[in-house]
file structure.txt (compact mmCIF, C-alpha atoms (C1' of nucleotides))
# COMPACT_ATOMS: atom_id res chain seq x y z
CA MET A 1 -104.52 -86.72 86.85
CA GLY A 2 -106.20 -89.96 86.63
CA ARG A 3 -107.61 -92.04 89.38
CA GLY A 4 -105.64 -90.29 92.03
CA LYS A 5 -103.60 -87.21 92.57
CA ILE A 6 -99.90 -87.76 92.74
CA GLU A 7 -97.17 -85.75 94.28
CA ILE A 8 -94.49 -84.49 91.97
CA LYS A 9 -91.64 -86.54 93.31
CA ARG A 10 -89.72 -89.50 92.00
CA ILE A 11 -91.92 -92.54 91.46
CA GLU A 12 -90.17 -95.25 93.39
CA ASN A 13 -91.82 -98.23 91.73
CA THR A 14 -89.70 -98.90 88.70
CA SER A 15 -92.37 -100.21 86.38
CA ASN A 16 -94.83 -97.47 87.30
CA ARG A 17 -92.09 -94.97 86.69
CA GLN A 18 -91.40 -96.49 83.32
CA VAL A 19 -95.07 -96.47 82.32
CA THR A 20 -95.60 -92.93 83.49
CA TYR A 21 -92.49 -91.87 81.66
CA SER A 22 -93.72 -93.36 78.44
CA LYS A 23 -97.17 -91.80 78.73
CA ARG A 24 -95.97 -88.38 79.74
CA LYS A 25 -93.27 -88.37 77.12
CA ASN A 26 -95.91 -88.86 74.47
CA GLY A 27 -97.97 -86.15 76.12
CA ILE A 28 -95.16 -83.64 75.99
CA ILE A 29 -94.33 -84.44 72.41
CA LYS A 30 -97.98 -83.98 71.50
CA LYS A 31 -98.08 -80.62 73.27
CA ALA A 32 -94.91 -79.58 71.53
CA LYS A 33 -96.41 -80.41 68.17
CA GLU A 34 -99.60 -78.58 69.03
CA ILE A 35 -97.95 -75.35 70.09
CA THR A 36 -95.88 -75.49 66.96
CA VAL A 37 -98.99 -75.54 64.81
CA LEU A 38 -101.29 -73.38 66.89
CA CYS A 39 -98.87 -70.59 67.67
CA ASP A 40 -96.32 -70.70 64.92
CA ALA A 41 -93.71 -71.55 67.50
CA ASN A 42 -90.45 -73.36 67.19
CA VAL A 43 -89.71 -76.12 69.60
CA SER A 44 -86.80 -78.39 70.06
CA LEU A 45 -87.29 -81.20 72.51
CA VAL A 46 -84.86 -83.89 73.44
CA ILE A 47 -85.84 -86.32 76.13
CA TYR A 48 -84.52 -89.53 77.53
CA GLY A 49 -85.23 -91.67 80.52
CA SER A 50 -83.28 -94.18 82.52
CA SER A 51 -83.58 -96.74 79.73
CA GLY A 52 -81.25 -94.51 77.79
CA LYS A 53 -83.46 -94.47 74.74
CA MET A 54 -83.85 -90.98 73.44
CA TYR A 55 -86.64 -89.15 71.71
CA GLU A 56 -86.39 -85.96 69.82
CA TYR A 57 -88.89 -83.55 68.44
CA CYS A 58 -88.12 -80.47 66.45
CA SER A 59 -90.63 -78.24 64.72
CA PRO A 60 -90.71 -78.73 60.98
CA LYS A 61 -89.79 -75.22 59.93
CA THR A 62 -86.42 -75.49 61.55
CA ASN A 63 -83.95 -78.05 62.78
CA LEU A 64 -81.94 -78.75 65.84
CA ILE A 65 -78.85 -77.03 64.53
CA ASP A 66 -80.68 -73.83 63.71
CA MET A 67 -82.51 -73.89 67.02
CA LEU A 68 -79.27 -74.24 68.86
CA ASP A 69 -77.55 -71.63 66.78
CA ARG A 70 -80.34 -69.26 67.63
CA TYR A 71 -80.19 -70.30 71.24
CA GLN A 72 -76.52 -69.48 71.34
CA ARG A 73 -76.99 -66.10 69.79
CA LEU A 74 -79.85 -65.10 72.07
CA SER A 75 -78.59 -66.58 75.29
CA GLY A 76 -74.92 -65.88 74.84
CA ASN A 77 -74.21 -69.39 76.06
CA LYS A 78 -71.56 -71.21 74.13
CA LEU A 79 -72.62 -74.61 72.94
CA TRP A 80 -70.11 -75.34 70.27
CA ASP A 81 -66.71 -75.87 71.63
CA ALA A 82 -63.56 -73.93 71.07
CA LYS A 83 -62.89 -75.97 67.98
CA HIS A 84 -65.73 -74.31 66.19
CA GLU A 85 -64.61 -70.92 67.22
CA ASN A 86 -61.18 -71.72 65.91
CA LEU A 87 -62.61 -72.88 62.62
CA GLN A 88 -64.67 -69.74 62.35
CA ASN A 89 -61.65 -67.62 63.14
CA GLU A 90 -59.65 -69.43 60.52
CA ILE A 91 -62.36 -68.80 57.97
CA ASP A 92 -62.39 -65.13 58.82
CA ARG A 93 -58.64 -64.94 58.57
CA ILE A 94 -58.49 -66.73 55.23
CA LYS A 95 -61.32 -64.67 53.85
CA LYS A 96 -59.45 -61.50 54.71
CA GLU A 97 -56.31 -62.82 53.08
CA ASN A 98 -58.39 -63.79 50.12
CA GLU A 99 -59.88 -60.38 49.76
CA SER A 100 -56.59 -58.56 49.88
CA MET A 101 -55.16 -60.90 47.27
CA GLN A 102 -58.13 -60.29 45.05
CA ILE A 103 -57.58 -56.57 45.34
CA GLU A 104 -53.90 -56.93 44.56
CA LEU A 105 -54.69 -59.09 41.55
CA ARG A 106 -57.15 -56.57 40.23
CA HIS A 107 -54.67 -53.77 40.74
CA LEU A 108 -52.00 -55.68 38.87
CA LYS A 109 -54.43 -56.04 36.02
CA GLY A 110 -55.00 -52.32 36.13
CA GLU A 111 -58.54 -52.62 37.50
CA ASP A 112 -60.07 -50.64 40.36
CA ILE A 113 -57.11 -48.31 40.44
CA THR A 114 -58.91 -45.01 40.77
CA SER A 115 -58.21 -44.85 44.47
CA LEU A 116 -54.49 -45.50 44.17
CA ASN A 117 -52.07 -42.69 44.86
CA TYR A 118 -48.94 -41.95 42.91
CA GLU A 119 -46.59 -43.98 45.11
CA GLU A 120 -48.82 -47.01 44.90
CA LEU A 121 -49.04 -46.67 41.15
CA ILE A 122 -45.23 -46.53 40.95
CA ALA A 123 -44.99 -49.64 43.12
CA TYR A 124 -47.38 -51.55 40.87
CA GLU A 125 -45.59 -50.29 37.78
CA ASP A 126 -42.30 -51.57 39.15
CA ALA A 127 -43.84 -54.90 40.06
CA LEU A 128 -45.37 -55.26 36.62
CA GLU A 129 -42.15 -54.31 34.85
CA ASN A 130 -40.27 -56.76 36.98
CA GLY A 131 -42.74 -59.51 36.25
CA LEU A 132 -42.70 -58.72 32.59
CA THR A 133 -38.90 -58.91 32.52
CA ASN A 134 -38.95 -62.28 34.23
CA ILE A 135 -41.64 -63.66 31.98
CA ARG A 136 -39.88 -62.45 28.85
CA GLU A 137 -36.56 -63.92 29.98
CA LYS A 138 -38.25 -67.23 30.58
CA LYS A 139 -39.98 -67.02 27.23
CA ALA A 140 -36.70 -66.33 25.49
CA SER A 141 -34.96 -69.15 27.33
CA LEU A 142 -37.43 -71.67 25.93
CA PHE A 143 -35.83 -71.29 22.51
CA PHE A 144 -32.40 -72.20 23.82
CA ILE A 145 -33.60 -75.26 25.74
CA ASN A 146 -35.40 -76.81 22.81
CA MET B 1 -109.48 -77.72 76.61
CA GLY B 2 -111.32 -74.81 77.92
CA ARG B 3 -114.65 -73.42 76.96
CA GLY B 4 -114.54 -74.82 73.49
CA LYS B 5 -112.77 -77.38 71.46
CA ILE B 6 -110.23 -76.03 69.05
CA GLU B 7 -108.77 -77.48 65.94
CA ILE B 8 -105.03 -77.91 65.89
CA LYS B 9 -104.25 -75.39 63.22
CA ARG B 10 -102.65 -71.99 63.25
CA ILE B 11 -104.60 -69.47 65.35
CA GLU B 12 -105.17 -66.59 62.99
CA ASN B 13 -106.04 -63.95 65.59
CA THR B 14 -102.69 -62.56 66.63
CA SER B 15 -103.47 -61.75 70.23
CA ASN B 16 -105.21 -65.05 70.81
CA ARG B 17 -102.23 -66.78 69.31
CA GLN B 18 -99.91 -64.84 71.60
CA VAL B 19 -101.96 -65.66 74.68
CA THR B 20 -102.26 -69.30 73.79
CA TYR B 21 -98.56 -69.47 73.09
CA SER B 22 -97.72 -68.06 76.47
CA LYS B 23 -100.06 -70.37 78.33
CA ARG B 24 -99.05 -73.48 76.47
CA LYS B 25 -95.39 -72.65 76.73
CA ASN B 26 -95.72 -72.56 80.49
CA GLY B 27 -97.71 -75.78 80.35
CA ILE B 28 -95.03 -77.59 78.41
CA ILE B 29 -92.28 -76.33 80.66
CA LYS B 30 -94.26 -77.50 83.67
CA LYS B 31 -94.74 -80.93 82.11
CA ALA B 32 -91.08 -81.11 81.31
CA LYS B 33 -90.17 -80.35 84.92
CA GLU B 34 -92.66 -82.91 86.16
CA ILE B 35 -91.45 -85.78 84.03
CA THR B 36 -87.93 -84.91 85.09
CA VAL B 37 -88.82 -85.36 88.73
CA LEU B 38 -91.36 -88.14 88.47
CA CYS B 39 -89.49 -90.38 86.10
CA ASP B 40 -85.88 -89.47 86.53
CA ALA B 41 -85.84 -88.30 82.96
CA ASN B 42 -83.65 -85.82 81.21
CA VAL B 43 -85.26 -83.19 79.12
CA SER B 44 -83.94 -80.40 77.02
CA LEU B 45 -86.49 -77.98 75.73
CA VAL B 46 -85.88 -74.90 73.67
CA ILE B 47 -88.87 -72.95 72.51
CA TYR B 48 -89.46 -69.63 70.85
CA GLY B 49 -92.40 -67.93 69.24
CA SER B 50 -92.81 -65.18 66.72
CA SER B 51 -91.79 -62.57 69.28
CA GLY B 52 -88.32 -64.06 69.00
CA LYS B 53 -87.89 -64.40 72.72
CA MET B 54 -86.61 -67.78 73.63
CA TYR B 55 -87.17 -70.03 76.60
CA GLU B 56 -85.09 -72.95 77.59
CA TYR B 57 -85.50 -75.71 80.07
CA CYS B 58 -83.00 -78.36 80.80
CA SER B 59 -83.25 -80.91 83.57
CA PRO B 60 -80.97 -80.11 86.50
CA LYS B 61 -78.83 -83.21 86.42
CA THR B 62 -77.52 -82.42 82.99
CA ASN B 63 -77.08 -79.56 80.60
CA LEU B 64 -77.73 -78.78 77.00
CA ILE B 65 -74.28 -79.73 75.84
CA ASP B 66 -74.41 -83.13 77.51
CA MET B 67 -77.92 -83.72 76.20
CA LEU B 68 -76.80 -82.98 72.71
CA ASP B 69 -73.65 -85.00 73.01
CA ARG B 70 -75.75 -87.91 74.12
CA TYR B 71 -78.24 -87.23 71.40
CA GLN B 72 -75.51 -87.42 68.82
CA ARG B 73 -74.10 -90.64 70.16
CA LEU B 74 -77.45 -92.39 70.45
CA SER B 75 -79.13 -91.13 67.34
CA GLY B 76 -76.13 -91.19 65.09
CA ASN B 77 -77.28 -87.82 63.81
CA LYS B 78 -74.52 -85.38 63.36
CA LEU B 79 -75.21 -82.11 65.07
CA TRP B 80 -72.24 -79.97 65.59
CA ASP B 81 -70.25 -82.46 63.63
CA ALA B 82 -72.41 -81.51 60.66
CA LYS B 83 -71.77 -77.90 61.43
CA HIS B 84 -68.14 -78.72 61.87
CA GLU B 85 -68.03 -80.42 58.50
CA ASN B 86 -69.64 -77.45 56.84
CA LEU B 87 -67.07 -75.14 58.32
CA GLN B 88 -64.26 -77.43 57.28
CA ASN B 89 -65.62 -77.60 53.75
CA GLU B 90 -65.80 -73.86 53.58
CA ILE B 91 -62.23 -73.61 54.78
CA ASP B 92 -61.08 -76.07 52.16
CA ARG B 93 -62.92 -74.20 49.45
CA ILE B 94 -61.50 -70.84 50.44
CA LYS B 95 -58.03 -72.25 50.85
CA LYS B 96 -58.12 -73.62 47.33
CA GLU B 97 -59.24 -70.28 46.00
CA ASN B 98 -56.52 -68.70 48.04
CA GLU B 99 -53.85 -70.97 46.73
CA SER B 100 -54.69 -70.43 43.10
CA MET B 101 -54.67 -66.69 43.65
CA GLN B 102 -51.29 -66.93 45.31
CA ILE B 103 -49.95 -68.87 42.36
CA GLU B 104 -51.34 -66.34 39.94
CA LEU B 105 -49.83 -63.50 41.93
CA ARG B 106 -46.45 -65.16 41.97
CA HIS B 107 -46.63 -65.82 38.28
CA LEU B 108 -47.49 -62.21 37.61
CA LYS B 109 -44.41 -61.24 39.58
CA GLY B 110 -42.38 -63.60 37.47
CA GLU B 111 -41.83 -66.09 40.25
CA ASP B 112 -42.20 -69.87 40.09
CA ILE B 113 -42.53 -69.76 36.33
CA THR B 114 -40.26 -72.66 35.42
CA SER B 115 -43.22 -74.94 34.87
CA LEU B 116 -45.10 -72.60 32.57
CA ASN B 117 -45.36 -73.42 28.90
CA TYR B 118 -45.08 -70.97 26.05
CA GLU B 119 -48.80 -70.24 25.78
CA GLU B 120 -49.10 -69.55 29.48
CA LEU B 121 -46.12 -67.25 29.35
CA ILE B 122 -47.70 -65.35 26.47
CA ALA B 123 -50.92 -65.02 28.44
CA TYR B 124 -49.11 -63.63 31.47
CA GLU B 125 -47.09 -61.33 29.26
CA ASP B 126 -50.29 -59.96 27.77
CA ALA B 127 -51.87 -59.55 31.17
CA LEU B 128 -48.82 -57.73 32.48
CA GLU B 129 -48.60 -55.44 29.45
CA ASN B 130 -52.26 -54.69 29.82
CA GLY B 131 -51.90 -53.91 33.50
CA LEU B 132 -48.89 -51.79 32.85
CA THR B 133 -50.73 -49.78 30.23
CA ASN B 134 -53.60 -49.14 32.63
CA ILE B 135 -51.35 -48.20 35.50
CA ARG B 136 -49.31 -45.84 33.34
CA GLU B 137 -52.41 -44.19 31.94
CA LYS B 138 -53.68 -43.63 35.44
CA LYS B 139 -50.30 -42.32 36.50
CA ALA B 140 -50.21 -39.91 33.60
CA SER B 141 -53.75 -38.74 34.30
CA LEU B 142 -52.79 -37.65 37.79
CA PHE B 143 -50.79 -34.80 36.32
CA PHE B 144 -53.77 -33.45 34.42
CA ILE B 145 -56.12 -33.62 37.40
CA ASN B 146 -53.89 -31.70 39.77
C1' DA C 1 -93.46 -104.07 77.44
C1' DG C 2 -97.56 -102.14 75.12
C1' DG C 3 -102.78 -101.13 74.40
C1' DG C 4 -107.42 -100.01 76.13
C1' DC C 5 -110.31 -98.31 79.76
C1' DT C 6 -112.38 -94.89 83.06
C1' DA C 7 -112.44 -91.69 87.00
C1' DT C 8 -110.31 -87.87 88.10
C1' DG C 9 -107.02 -84.05 88.07
C1' DT C 10 -105.12 -80.52 84.97
C1' DA C 11 -104.62 -77.36 81.33
C1' DT C 12 -106.65 -74.03 78.96
C1' DA C 13 -110.22 -71.31 75.56
C1' DA C 14 -113.35 -68.14 76.21
C1' DT C 15 -115.03 -64.62 78.86
C1' DG C 16 -115.13 -60.68 81.78
C1' DA C 17 -112.73 -56.93 84.44
C1' DT D 1 -103.45 -54.90 77.06
C1' DT D 2 -102.83 -58.21 80.96
C1' DC D 3 -105.10 -60.46 85.01
C1' DA D 4 -108.73 -63.66 87.07
C1' DT D 5 -112.44 -66.86 86.51
C1' DT D 6 -114.63 -70.85 84.96
C1' DA D 7 -116.59 -74.31 82.01
C1' DT D 8 -114.78 -77.72 79.23
C1' DA D 9 -111.62 -80.65 76.87
C1' DC D 10 -107.69 -83.19 77.62
C1' DA D 11 -104.10 -85.95 79.97
C1' DT D 12 -103.20 -89.49 82.71
C1' DA D 13 -102.90 -92.88 87.26
C1' DG D 14 -104.44 -96.97 88.29
C1' DC D 15 -106.34 -100.98 86.33
C1' DC D 16 -106.89 -105.00 83.46
C1' DC D 17 -105.41 -107.49 79.57
call {"tool": "encode", "arguments": {"input": "structure.txt", "output": "structure tokens"}}
result
Amino acid sequence: MGRGKIEIKRIENTSNRQVTYSKRKNGIIKKAKEITVLCDANVSLVIYGSSGKMYEYCSPKTNLIDMLDRYQRLSGNKLWDAKHENLQNEIDRIKKENESMQIELRHLKGEDITSLNYEELIAYEDALENGLTNIREKKASLFFIN
Amino acid sequence: MGRGKIEIKRIENTSNRQVTYSKRKNGIIKKAKEITVLCDANVSLVIYGSSGKMYEYCSPKTNLIDMLDRYQRLSGNKLWDAKHENLQNEIDRIKKENESMQIELRHLKGEDITSLNYEELIAYEDALENGLTNIREKKASLFFIN
DNA sequence: AGGGCTATGTATAATGA
DNA sequence: TTCATTATACATAGCCC
């Protein structure tokens, strides 16, 4: 476009290449913004040239992280490294631990026990009696210490 | 461009919007490829519309992960580091929750109670008695149900 | 490096099949 | 609906500052 047609191949003249880069970069960013508004689309665009300077555009309704999250889910490609997976796994593991402790705590307080069978009830009874004994011993011992 | 000028605002007609989206998406991808070749640039482009289907273009010399790594370094914006931090915060939060539940459980079992004061001991004693009452009631009720 | 200017090539909105 | 077609609007290559 412009005064002459050009082939789509690397522009050898450095300054021409630089100028064209700058112009076209702006063009692409403009197009990205337009499609965002016109079509309710989400666009994430990261672009850099040989100068190393980088430009980014991301549609307003979202952000790069969400875009990439979505990209990962839809494409199946892994972007975040193993570290993230590990962190996520750890969270899952701790959450499970957490949940079972919460259940145990509730049971010890005599809550949510309708589903417990006789053996489980006995086990909790024993645990509670045991705890009670220990607590009472400790309580009693306070009088001797002071 | 085309038969009439259009304002850059959301196209209300759904099928028009869909058609325009598709055309412009291809246009942007084409432009992205061109600037890549012409100017030796690196481009990462992720785009999706209301259909949910997602397109991605990334210049051949690189890949999304490298682009984003570079983006992080140059822009100073945290990307997966932000995500990483969020995960770490969640882990810390859950771990704290976890720990306090573990302490409570141990206390209820009469363990690690040397540091407890008299009031705390009374509170645990009450809780245990309460739990025991509930458990025993439930236990007793089993005989009536069967 | 930008910024402005055309002439020209492209992208595309509207239309029709 | 999805394709061609086509008239227009837009983007931009080559210039000059």
call {"tool": "closest_atom_pairs", "arguments": {"input": "structure.txt", "of": "chain D", "to": "chain B", "cutoff": "8 Å", "atoms": "all atoms listed in the file", "output": "Markdown table"}}
result
| residue | atom | partner | partner_atom | distance |
| --- | --- | --- | --- | --- |
| D:DA7 | C1' | B:Arg3 | CA | 5.5 |
| D:DT8 | C1' | B:Gly2 | CA | 4.7 |
| D:DA9 | C1' | B:Met1 | CA | 3.6 |
| D:DC10 | C1' | B:Met1 | CA | 5.8 |
call {"tool": "calpha_fit_and_write", "arguments": {"input": "structure.txt", "fixed": "chain B", "moving": "chain A", "output": "mmCIF file with C-alpha atoms, keeping the file's coordinate frame"}}
result
data_model
loop_
_atom_site.group_PDB
_atom_site.id
_atom_site.type_symbol
_atom_site.label_atom_id
_atom_site.label_comp_id
_atom_site.auth_asym_id
_atom_site.auth_seq_id
_atom_site.Cartn_x
_atom_site.Cartn_y
_atom_site.Cartn_z
ATOM 1 C CA MET A 1 -103.452 -86.010 87.373
ATOM 2 C CA GLY A 2 -105.225 -84.075 89.918
ATOM 3 C CA ARG A 3 -108.700 -84.525 91.180
ATOM 4 C CA GLY A 4 -109.762 -86.550 88.224
ATOM 5 C CA LYS A 5 -108.334 -88.406 85.315
ATOM 6 C CA ILE A 6 -108.720 -86.710 81.999
ATOM 7 C CA GLU A 7 -108.717 -88.046 78.524
ATOM 8 C CA ILE A 8 -106.055 -86.745 76.216
ATOM 9 C CA LYS A 9 -108.289 -84.871 73.846
ATOM 10 C CA ARG A 10 -108.943 -81.217 73.225
ATOM 11 C CA ILE A 11 -110.351 -79.451 76.271
ATOM 12 C CA GLU A 12 -113.473 -77.808 74.973
ATOM 13 C CA ASN A 13 -113.931 -75.275 77.754
ATOM 14 C CA THR A 14 -111.841 -72.338 76.692
ATOM 15 C CA SER A 15 -110.800 -71.083 80.093
ATOM 16 C CA ASN A 16 -109.972 -74.560 81.371
ATOM 17 C CA ARG A 17 -107.946 -75.094 78.250
ATOM 18 C CA GLN A 18 -106.114 -71.863 78.840
ATOM 19 C CA VAL A 19 -105.371 -72.698 82.476
ATOM 20 C CA THR A 20 -104.232 -76.196 81.672
ATOM 21 C CA TYR A 21 -102.066 -74.846 78.910
ATOM 22 C CA SER A 22 -100.376 -72.432 81.238
ATOM 23 C CA LYS A 23 -99.758 -75.046 83.923
ATOM 24 C CA ARG A 24 -98.526 -77.724 81.586
ATOM 25 C CA LYS A 25 -96.352 -75.307 79.692
ATOM 26 C CA ASN A 26 -94.560 -74.479 82.907
ATOM 27 C CA GLY A 27 -94.330 -78.181 83.650
ATOM 28 C CA ILE A 28 -92.683 -78.958 80.349
ATOM 29 C CA ILE A 29 -90.253 -76.103 80.651
ATOM 30 C CA LYS A 30 -89.322 -77.311 84.120
ATOM 31 C CA LYS A 31 -88.764 -80.840 82.828
ATOM 32 C CA ALA A 32 -86.682 -79.501 79.995
ATOM 33 C CA LYS A 33 -84.494 -77.608 82.417
ATOM 34 C CA GLU A 34 -84.171 -80.638 84.648
ATOM 35 C CA ILE A 35 -83.082 -83.034 81.936
ATOM 36 C CA THR A 36 -80.599 -80.460 80.791
ATOM 37 C CA VAL A 37 -78.959 -80.410 84.198
ATOM 38 C CA LEU A 38 -79.406 -84.020 85.221
ATOM 39 C CA CYS A 39 -78.335 -85.647 81.987
ATOM 40 C CA ASP A 40 -76.131 -83.124 80.298
ATOM 41 C CA ALA A 41 -78.660 -82.915 77.514
ATOM 42 C CA ASN A 42 -79.413 -80.173 75.082
ATOM 43 C CA VAL A 43 -82.973 -79.128 74.625
ATOM 44 C CA SER A 44 -84.626 -76.587 72.469
ATOM 45 C CA LEU A 45 -88.273 -75.983 73.158
ATOM 46 C CA VAL A 46 -90.564 -73.560 71.459
ATOM 47 C CA ILE A 47 -94.189 -73.554 72.437
ATOM 48 C CA TYR A 48 -97.189 -71.406 71.808
ATOM 49 C CA GLY A 49 -100.879 -71.682 72.381
ATOM 50 C CA SER A 50 -103.936 -70.153 70.824
ATOM 51 C CA SER A 51 -103.207 -66.821 72.496
ATOM 52 C CA GLY A 52 -100.276 -66.582 70.147
ATOM 53 C CA LYS A 53 -97.839 -65.777 72.904
ATOM 54 C CA MET A 54 -94.735 -67.845 72.565
ATOM 55 C CA TYR A 55 -92.316 -69.320 75.034
ATOM 56 C CA GLU A 56 -88.901 -70.603 74.327
ATOM 57 C CA TYR A 57 -86.414 -72.597 76.278
ATOM 58 C CA CYS A 58 -82.973 -73.551 75.143
ATOM 59 C CA SER A 59 -80.311 -75.223 77.237
ATOM 60 C CA PRO A 60 -77.588 -72.853 78.331
ATOM 61 C CA LYS A 61 -74.647 -74.585 76.712
ATOM 62 C CA THR A 62 -76.043 -74.010 73.281
ATOM 63 C CA ASN A 63 -78.498 -71.832 71.437
ATOM 64 C CA LEU A 64 -81.337 -72.220 69.054
ATOM 65 C CA ILE A 65 -79.201 -71.657 65.998
ATOM 66 C CA ASP A 66 -76.685 -74.301 66.967
ATOM 67 C CA MET A 67 -79.427 -76.733 67.905
ATOM 68 C CA LEU A 68 -81.050 -76.265 64.565
ATOM 69 C CA ASP A 69 -77.795 -76.463 62.706
ATOM 70 C CA ARG A 70 -77.136 -79.745 64.412
ATOM 71 C CA TYR A 71 -80.658 -80.867 63.724
ATOM 72 C CA GLN A 72 -80.179 -80.176 60.058
ATOM 73 C CA ARG A 73 -76.940 -82.054 59.884
ATOM 74 C CA LEU A 74 -78.245 -85.107 61.715
ATOM 75 C CA SER A 75 -81.691 -85.273 60.215
ATOM 76 C CA GLY A 76 -80.839 -84.193 56.712
ATOM 77 C CA ASN A 77 -83.883 -81.948 56.778
ATOM 78 C CA LYS A 78 -83.349 -78.546 55.297
ATOM 79 C CA LEU A 79 -84.422 -75.732 57.540
ATOM 80 C CA TRP A 80 -82.649 -72.801 56.048
ATOM 81 C CA ASP A 81 -83.989 -71.877 52.725
ATOM 82 C CA ALA A 82 -82.326 -71.865 49.374
ATOM 83 C CA LYS A 83 -81.028 -68.402 50.066
ATOM 84 C CA HIS A 84 -78.661 -69.735 52.645
ATOM 85 C CA GLU A 85 -77.464 -72.431 50.386
ATOM 86 C CA ASN A 86 -76.811 -69.844 47.740
ATOM 87 C CA LEU A 87 -74.874 -67.715 50.175
ATOM 88 C CA GLN A 88 -72.841 -70.698 51.246
ATOM 89 C CA ASN A 89 -72.163 -71.602 47.646
ATOM 90 C CA GLU A 90 -71.080 -68.074 46.927
ATOM 91 C CA ILE A 91 -68.707 -68.170 49.860
ATOM 92 C CA ASP A 92 -67.223 -71.407 48.631
ATOM 93 C CA ARG A 93 -66.832 -70.021 45.154
ATOM 94 C CA ILE A 94 -65.195 -66.804 46.315
ATOM 95 C CA LYS A 95 -62.922 -68.657 48.673
ATOM 96 C CA LYS A 96 -61.703 -70.817 45.821
ATOM 97 C CA GLU A 97 -61.105 -67.772 43.670
ATOM 98 C CA ASN A 98 -59.335 -66.206 46.576
ATOM 99 C CA GLU A 99 -57.059 -69.133 47.061
ATOM 100 C CA SER A 100 -56.012 -69.347 43.454
ATOM 101 C CA MET A 101 -55.262 -65.636 43.415
ATOM 102 C CA GLN A 102 -53.172 -65.993 46.518
ATOM 103 C CA ILE A 103 -51.195 -68.748 44.867
ATOM 104 C CA GLU A 104 -50.704 -66.687 41.738
ATOM 105 C CA LEU A 105 -49.571 -63.719 43.801
ATOM 106 C CA ARG A 106 -47.067 -65.814 45.669
ATOM 107 C CA HIS A 107 -45.771 -67.279 42.440
ATOM 108 C CA LEU A 108 -45.338 -63.833 40.951
ATOM 109 C CA LYS A 109 -43.304 -62.917 43.981
ATOM 110 C CA GLY A 110 -41.204 -65.990 43.412
ATOM 111 C CA GLU A 111 -42.559 -67.823 46.462
ATOM 112 C CA ASP A 112 -43.725 -71.435 46.640
ATOM 113 C CA ILE A 113 -42.351 -72.134 43.201
ATOM 114 C CA THR A 114 -40.703 -75.467 43.844
ATOM 115 C CA SER A 115 -43.577 -77.337 42.278
ATOM 116 C CA LEU A 116 -43.643 -75.303 39.083
ATOM 117 C CA ASN A 117 -42.488 -76.895 35.864
ATOM 118 C CA TYR A 118 -40.414 -75.232 33.204
ATOM 119 C CA GLU A 119 -43.339 -74.025 31.090
ATOM 120 C CA GLU A 120 -45.008 -72.457 34.083
ATOM 121 C CA LEU A 121 -41.788 -70.758 35.071
ATOM 122 C CA ILE A 122 -41.466 -69.340 31.541
ATOM 123 C CA ALA A 123 -45.049 -68.087 31.704
ATOM 124 C CA TYR A 124 -44.414 -66.314 35.002
ATOM 125 C CA GLU A 125 -41.141 -64.921 33.704
ATOM 126 C CA ASP A 126 -42.935 -63.479 30.697
ATOM 127 C CA ALA A 127 -45.669 -62.037 32.872
ATOM 128 C CA LEU A 128 -43.140 -60.466 35.205
ATOM 129 C CA GLU A 129 -41.085 -59.024 32.358
ATOM 130 C CA ASN A 130 -44.213 -57.638 30.818
ATOM 131 C CA GLY A 131 -45.301 -56.087 34.075
ATOM 132 C CA LEU A 132 -41.882 -54.680 34.671
ATOM 133 C CA THR A 133 -41.860 -53.088 31.215
ATOM 134 C CA ASN A 134 -45.233 -51.497 31.830
ATOM 135 C CA ILE A 135 -44.290 -50.235 35.254
ATOM 136 C CA ARG A 136 -41.015 -48.793 34.007
ATOM 137 C CA GLU A 137 -42.727 -47.066 31.083
ATOM 138 C CA LYS A 138 -45.203 -45.527 33.465
ATOM 139 C CA LYS A 139 -42.413 -44.508 35.798
ATOM 140 C CA ALA A 140 -40.535 -42.865 32.963
ATOM 141 C CA SER A 141 -43.650 -41.094 31.729
ATOM 142 C CA LEU A 142 -44.063 -39.353 35.077
ATOM 143 C CA PHE A 143 -41.048 -37.188 34.286
ATOM 144 C CA PHE A 144 -42.572 -35.940 31.056
ATOM 145 C CA ILE A 145 -45.954 -35.124 32.601
ATOM 146 C CA ASN A 146 -44.545 -33.034 35.407
#
call {"tool": "interface_residues", "arguments": {"input": "structure.txt", "of": "chain B", "to": "chain A", "cutoff": "6 Å", "atoms": "all atoms listed in the file", "output": "mmCIF file with C-alpha atoms, keeping the file's coordinate frame"}}
result
data_model
loop_
_atom_site.group_PDB
_atom_site.id
_atom_site.type_symbol
_atom_site.label_atom_id
_atom_site.label_comp_id
_atom_site.auth_asym_id
_atom_site.auth_seq_id
_atom_site.Cartn_x
_atom_site.Cartn_y
_atom_site.Cartn_z
ATOM 1 C CA ILE B 8 -105.030 -77.910 65.890
ATOM 2 C CA LYS B 9 -104.250 -75.390 63.220
ATOM 3 C CA ARG B 10 -102.650 -71.990 63.250
ATOM 4 C CA ILE B 11 -104.600 -69.470 65.350
ATOM 5 C CA ARG B 17 -102.230 -66.780 69.310
ATOM 6 C CA TYR B 21 -98.560 -69.470 73.090
ATOM 7 C CA VAL B 37 -88.820 -85.360 88.730
ATOM 8 C CA LEU B 38 -91.360 -88.140 88.470
ATOM 9 C CA CYS B 39 -89.490 -90.380 86.100
ATOM 10 C CA ALA B 41 -85.840 -88.300 82.960
ATOM 11 C CA ASN B 42 -83.650 -85.820 81.210
ATOM 12 C CA VAL B 43 -85.260 -83.190 79.120
ATOM 13 C CA SER B 44 -83.940 -80.400 77.020
ATOM 14 C CA LEU B 45 -86.490 -77.980 75.730
ATOM 15 C CA VAL B 46 -85.880 -74.900 73.670
ATOM 16 C CA ILE B 47 -88.870 -72.950 72.510
ATOM 17 C CA TYR B 48 -89.460 -69.630 70.850
ATOM 18 C CA GLY B 49 -92.400 -67.930 69.240
ATOM 19 C CA ILE B 91 -62.230 -73.610 54.780
ATOM 20 C CA ASN B 98 -56.520 -68.700 48.040
ATOM 21 C CA LEU B 108 -47.490 -62.210 37.610
ATOM 22 C CA LYS B 109 -44.410 -61.240 39.580
ATOM 23 C CA GLY B 110 -42.380 -63.600 37.470
ATOM 24 C CA LEU B 128 -48.820 -57.730 32.480
ATOM 25 C CA GLY B 131 -51.900 -53.910 33.500
ATOM 26 C CA ASN B 134 -53.600 -49.140 32.630
ATOM 27 C CA ILE B 135 -51.350 -48.200 35.500
#
